[in-house]
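*Asks:* Provided herewith is a single structure, encoded as structure tokens, for subsequent inquiry.
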Amino acid sequence: MLELSRTPGGTRRCSGDDLSVVRRVIELLEAGLDLVGVIGLEQSALKVGAPADLGIIAQDREMV
């Protein structure tokens, strides 16, 4: 779901978009989806050509 960049020292770096995805995953988990359901949602959206960003998928497609 996320592809975090790394500093030259190896520390992971999260962008604002990465944090938005994490927040959306947490919202979906709190709404009752399990992690398999969240991943399935992402995969289903990719099949129909939606962006691979759960924050965008759930809001634009209203799949939840």
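Going by the structure tokens order, chains are called A, B, ..., each with residues numbered from 1, while ligands are numbered from 1 in the order shown.
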Set the distance at 12 Å and use only C-alpha atoms: which residues neighbour Leu4 of chain A once local chain neighbours fewer than 5 positions away are removed? I'd like the list as number ranges by chain.
*Replies:* A: 10-19, 21-22
*Asks:* Selected residues, all heavy atoms, written as a CSV table (one decimal), in the first residue's frame, please.
*Replies:*
chain,number,residue,atom,x,y,z
A,10,GLY,N,19.0,5.6,6.1
A,10,GLY,CA,18.1,4.4,6.2
A,10,GLY,C,16.8,4.7,6.9
A,10,GLY,O,16.0,3.8,7.0
A,11,THR,N,16.6,5.9,7.4
A,11,THR,CA,15.3,6.2,8.1
A,11,THR,C,14.2,6.3,7.1
A,11,THR,O,14.4,6.9,6.1
A,11,THR,CB,15.5,7.5,8.9
A,11,THR,OG1,16.6,7.4,9.8
A,11,THR,CG2,14.2,7.8,9.7
A,12,ARG,N,13.1,5.7,7.5
A,12,ARG,CA,11.9,5.8,6.6
A,12,ARG,C,11.3,7.2,6.6
A,12,ARG,O,11.3,7.8,7.7
A,12,ARG,CB,10.8,4.8,7.0
A,12,ARG,CG,11.2,3.4,6.7
A,12,ARG,CD,10.1,2.4,7.1
A,12,ARG,NE,10.5,1.1,6.9
A,12,ARG,CZ,10.6,0.2,7.9
A,12,ARG,NH1,10.3,0.5,9.1
A,12,ARG,NH2,11.0,-1.0,7.6
A,13,ARG,N,10.8,7.7,5.5
A,13,ARG,CA,10.2,9.0,5.4
A,13,ARG,C,8.8,8.8,4.8
A,13,ARG,O,8.6,8.2,3.8
A,13,ARG,CB,11.0,9.9,4.5
A,13,ARG,CG,12.4,10.1,5.0
A,13,ARG,CD,13.1,11.1,4.1
A,13,ARG,NE,12.4,12.4,4.3
A,13,ARG,CZ,12.9,13.5,3.9
A,13,ARG,NH1,14.1,13.6,3.4
A,13,ARG,NH2,12.2,14.7,4.1
A,14,CYS,N,7.9,9.5,5.5
A,14,CYS,CA,6.5,9.4,5.1
A,14,CYS,C,6.1,10.8,4.5
A,14,CYS,O,6.4,11.8,5.1
A,14,CYS,CB,5.5,9.1,6.3
A,14,CYS,SG,5.8,7.5,7.0
A,15,SER,N,5.4,10.8,3.4
A,15,SER,CA,4.9,12.0,2.8
A,15,SER,C,3.5,12.3,3.4
A,15,SER,O,2.9,11.4,4.1
A,15,SER,CB,4.8,11.9,1.3
A,15,SER,OG,3.8,11.0,1.0
A,16,GLY,N,3.0,13.5,3.2
A,16,GLY,CA,1.6,13.8,3.6
A,16,GLY,C,0.6,12.8,3.0
A,16,GLY,O,-0.3,12.4,3.6
A,17,ASP,N,0.9,12.4,1.7
A,17,ASP,CA,0.0,11.4,1.1
A,17,ASP,C,0.0,10.1,1.8
A,17,ASP,O,-1.0,9.4,1.9
A,17,ASP,CB,0.3,11.3,-0.4
A,17,ASP,CG,0.0,12.5,-1.2
A,17,ASP,OD1,-0.9,13.3,-0.8
A,17,ASP,OD2,0.5,12.6,-2.3
A,18,ASP,N,1.2,9.7,2.2
A,18,ASP,CA,1.4,8.4,2.9
A,18,ASP,C,0.6,8.4,4.2
A,18,ASP,O,-0.1,7.5,4.5
A,18,ASP,CB,2.9,8.1,3.3
A,18,ASP,CG,3.7,7.9,2.0
A,18,ASP,OD1,3.2,7.4,1.0
A,18,ASP,OD2,4.9,8.2,2.1
A,19,LEU,N,0.7,9.5,4.9
A,19,LEU,CA,-0.1,9.7,6.2
A,19,LEU,C,-1.6,9.7,5.9
A,19,LEU,O,-2.3,9.1,6.7
A,19,LEU,CB,0.4,10.9,6.9
A,19,LEU,CG,1.8,10.9,7.4
A,19,LEU,CD1,2.2,12.3,8.0
A,19,LEU,CD2,2.1,9.8,8.4
A,21,VAL,N,-3.1,8.0,3.6
A,21,VAL,CA,-3.5,6.6,3.3
A,21,VAL,C,-3.6,5.9,4.7
A,21,VAL,O,-4.5,5.1,4.9
A,21,VAL,CB,-2.5,5.9,2.4
A,21,VAL,CG1,-2.7,4.4,2.3
A,21,VAL,CG2,-2.6,6.5,1.0
A,22,VAL,N,-2.6,6.1,5.5
A,22,VAL,CA,-2.6,5.4,6.8
A,22,VAL,C,-3.8,5.8,7.6
A,22,VAL,O,-4.5,4.9,8.2
A,22,VAL,CB,-1.3,5.7,7.7
A,22,VAL,CG1,-1.4,5.2,9.1
A,22,VAL,CG2,-0.1,5.1,7.0
